[in-house]
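**Q** Below you'll find the structure I mean.
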Amino acid sequence: MSAVFAAPGWLHALAVASLLLGAACALLLSVQVIRHPQHMTVMNVVWPVSALFGTVAVVWAYFRYGRLATMEAHHHAKERGEDPPNMTGTPLPVMVGKGALHCGSGCMLGDVAAEWLAFLVPAVAVWFGWHSLFEEKMYAVWVLDFVFAYALGIVFQYYAIVPMRGLSPGEGLVAAVKADTASLIAWQVGMYGFMAFAQFYVFPHLAGQRAPVNSVEFWAAMQLAMVAGFLTSYPINWWLVGSGIKERM
């Protein structure tokens, strides 16, 4: 791979616009959750992080359904002796989508951290199989991606499940593993699949080489890869939520 990644001008402009849109949406929702904190604390992270790739769709979902789950909304419902509005006013398909985003936001943060770590410290990719198990560095980085994403996903699930169910730390960890494992694997399959398509076909076709991590094109592709992950994890999350393994949000 050459040192300079020369993407077509239109692709570069589109990637910049996509990333700026994601950043603006994430900033908007960050302000919202600071002003109106969510009743489930971890969702204060989930909404802005999800907006980085879901952009206007996530912003719409927040204002339509996320505001039903604020601490203020829960407090007012409790004063009136009513059920929380997010439990009565959120359709099951939206609850499933929120559950998928809850998983995906951990994946997003883990993937970002892993990709930059492997880019800045290439030896890390060697530790995860580059040159020994994999000729392609990307595959070794995917292993690192999964480790980081899984760890963060378990943390996110833990802090969602334990407060709602009143579990002990050990019980909470077991419940978090049950709730997150299948969902995360399904998400990563979609993410890896799209990034493989982008890196082995789209970018070589348009720019003659794969996009490096320090290019805006790489991260714009990652936005779409996260959307693909949402789509592949949605059916699994439907089953997890419907069976009670994962909490309704």
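Each chain in the structure tokens gets a letter, A, B, ..., in the order shown, and its residues are numbered from 1; ligands are numbered from 1 in order too.
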So that I can see what lies close to segment 232-238 of chain A, please list as a list in words the residues with an atom at most 8 Å from it, counting only C-alpha atoms and leaving out residues fewer than 2 positions away in the same chain.

**A**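 The neighbour list is Pro93, Val96, Gly97, Gly99, Ala100, Ala182, Ser183, Leu184, Ile185, Ala186, Trp187, Val189, Gly190, Ala228, Gly229, Phe230, Leu240, Val241, Gly242 and Lys246 of chain A.
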
**Q** Put those residues in a file: C-alpha atoms, as a PDB file, in the first residue's frame.

**A**
ATOM      1  CA  PRO A  93     -39.695  -2.610  17.632  1.00  0.00           C
ATOM      2  CA  VAL A  96     -35.451  -3.669  20.253  1.00  0.00           C
ATOM      3  CA  GLY A  97     -33.699  -0.930  18.291  1.00  0.00           C
ATOM      4  CA  GLY A  99     -31.292  -2.543  22.749  1.00  0.00           C
ATOM      5  CA  ALA A 100     -29.297  -2.963  19.545  1.00  0.00           C
ATOM      6  CA  ALA A 182     -25.051 -13.062  20.837  1.00  0.00           C
ATOM      7  CA  SER A 183     -25.956  -9.451  20.092  1.00  0.00           C
ATOM      8  CA  LEU A 184     -22.333  -8.352  19.883  1.00  0.00           C
ATOM      9  CA  ILE A 185     -21.324 -11.261  17.648  1.00  0.00           C
ATOM     10  CA  ALA A 186     -24.197 -10.472  15.286  1.00  0.00           C
ATOM     11  CA  TRP A 187     -23.223  -6.786  15.257  1.00  0.00           C
ATOM     12  CA  VAL A 189     -20.491  -9.870  11.706  1.00  0.00           C
ATOM     13  CA  GLY A 190     -22.312  -7.034   9.968  1.00  0.00           C
ATOM     14  CA  ALA A 228     -24.771  -2.822   8.855  1.00  0.00           C
ATOM     15  CA  GLY A 229     -24.012  -4.113  12.351  1.00  0.00           C
ATOM     16  CA  PHE A 230     -27.279  -2.658  13.620  1.00  0.00           C
ATOM     17  CA  LEU A 240     -33.202 -11.347  23.481  1.00  0.00           C
ATOM     18  CA  VAL A 241     -35.717  -8.655  24.430  1.00  0.00           C
ATOM     19  CA  GLY A 242     -38.728 -10.839  23.729  1.00  0.00           C
ATOM     20  CA  LYS A 246     -32.233  -8.347  27.657  1.00  0.00           C
TER      21      LYS A 246
END

**Q** Show which residues sit within 10 Å of Val162 of chain A, as number ranges by chain. Count only C-alpha atoms, and ignore same-chain residues fewer than 6 positions away.

**A** A: 168-173, 175-176

**Q** If we count only C-alpha atoms, what is near segment 66-80 of chain A at a cut-off of 6 Å, once residues fewer than 5 positions away on the same chain are taken out, given as a tab-separated table (two decimals) with N, CA and C atoms, in the first residue's frame?

**A**
chain	number	residue	atom	x	y	z
A	37	PRO	N	-30.82	14.21	31.77
A	37	PRO	CA	-30.20	12.88	31.91
A	37	PRO	C	-31.21	11.76	31.81
A	38	GLN	N	-30.74	10.65	31.24
A	38	GLN	CA	-31.56	9.47	31.11
A	38	GLN	C	-31.70	8.76	32.46
A	39	HIS	N	-32.85	8.11	32.66
A	39	HIS	CA	-33.06	7.35	33.89
A	39	HIS	C	-32.06	6.20	33.98
A	85	PRO	N	-43.11	6.51	31.29
A	85	PRO	CA	-43.63	6.69	29.93
A	85	PRO	C	-42.89	5.93	28.86
A	86	ASN	N	-41.59	5.65	29.08
A	86	ASN	CA	-40.87	4.89	28.05
A	86	ASN	C	-41.35	3.44	27.98

**Q** Using DSSP on the backbone coordinates, identify all residues within segment 102-147 of chain A classified as alpha helix (DSSP H); present the result as JSON, numbers by chain.

**A** {"A": [102, 103, 104, 105, 106, 107, 108, 109, 110, 111, 112, 113, 114, 115, 116, 117, 118, 119, 120, 123, 124, 125, 126, 127, 137, 138, 139, 140, 141, 142, 143, 144, 145, 146, 147]}

**Q** Given only C-alpha atoms, how would the per-residue table for segment 108-219 of chain A near segment 51-54 of chain A read, listing every residue at most 12 Å away with its closest atom pair and distance in Å to one decimal, sorted by chain and number, as JSON lines?

**A**
{"residue": "A:Met108", "atom": "CA", "partner": "A:Phe53", "partner_atom": "CA", "distance": 8.8}
{"residue": "A:Leu109", "atom": "CA", "partner": "A:Leu52", "partner_atom": "CA", "distance": 10.5}
{"residue": "A:Val112", "atom": "CA", "partner": "A:Leu52", "partner_atom": "CA", "distance": 11.5}
{"residue": "A:Met191", "atom": "CA", "partner": "A:Phe53", "partner_atom": "CA", "distance": 11.9}
{"residue": "A:Trp219", "atom": "CA", "partner": "A:Phe53", "partner_atom": "CA", "distance": 9.6}

**Q** Ranking A:Tyr150, A:Gly244, A:Thr90, A:Phe134 by minimum distance to Arg165 of chain A and counting only C-alpha atoms, which one comes first?

**A**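 Nearest to Arg165 of chain A: A:Gly244.
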
**Q** Just how far from atom CA of Val58 of chain A is atom CA of Leu144 of chain A, in Å to one decimal?

**A**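 Answer for the atom CA of Leu144 of chain A to atom CA of Val58 of chain A separation: 27.1 Å.
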
**Q** So that I can see what lies close to segment 193-196 of chain A, please list as a PyMOL selection string the residues with an atom at most 8 Å from it, counting only C-alpha atoms and leaving out residues fewer than 5 positions away in the same chain.

**A** chain A and resi 201+221-222+224-225+228

**Q** May I ask for the distance between atom CA of Tyr62 of chain A and atom CA of Gly110 of chain A, given in Å to one decimal place?

**A** 22.6 Å
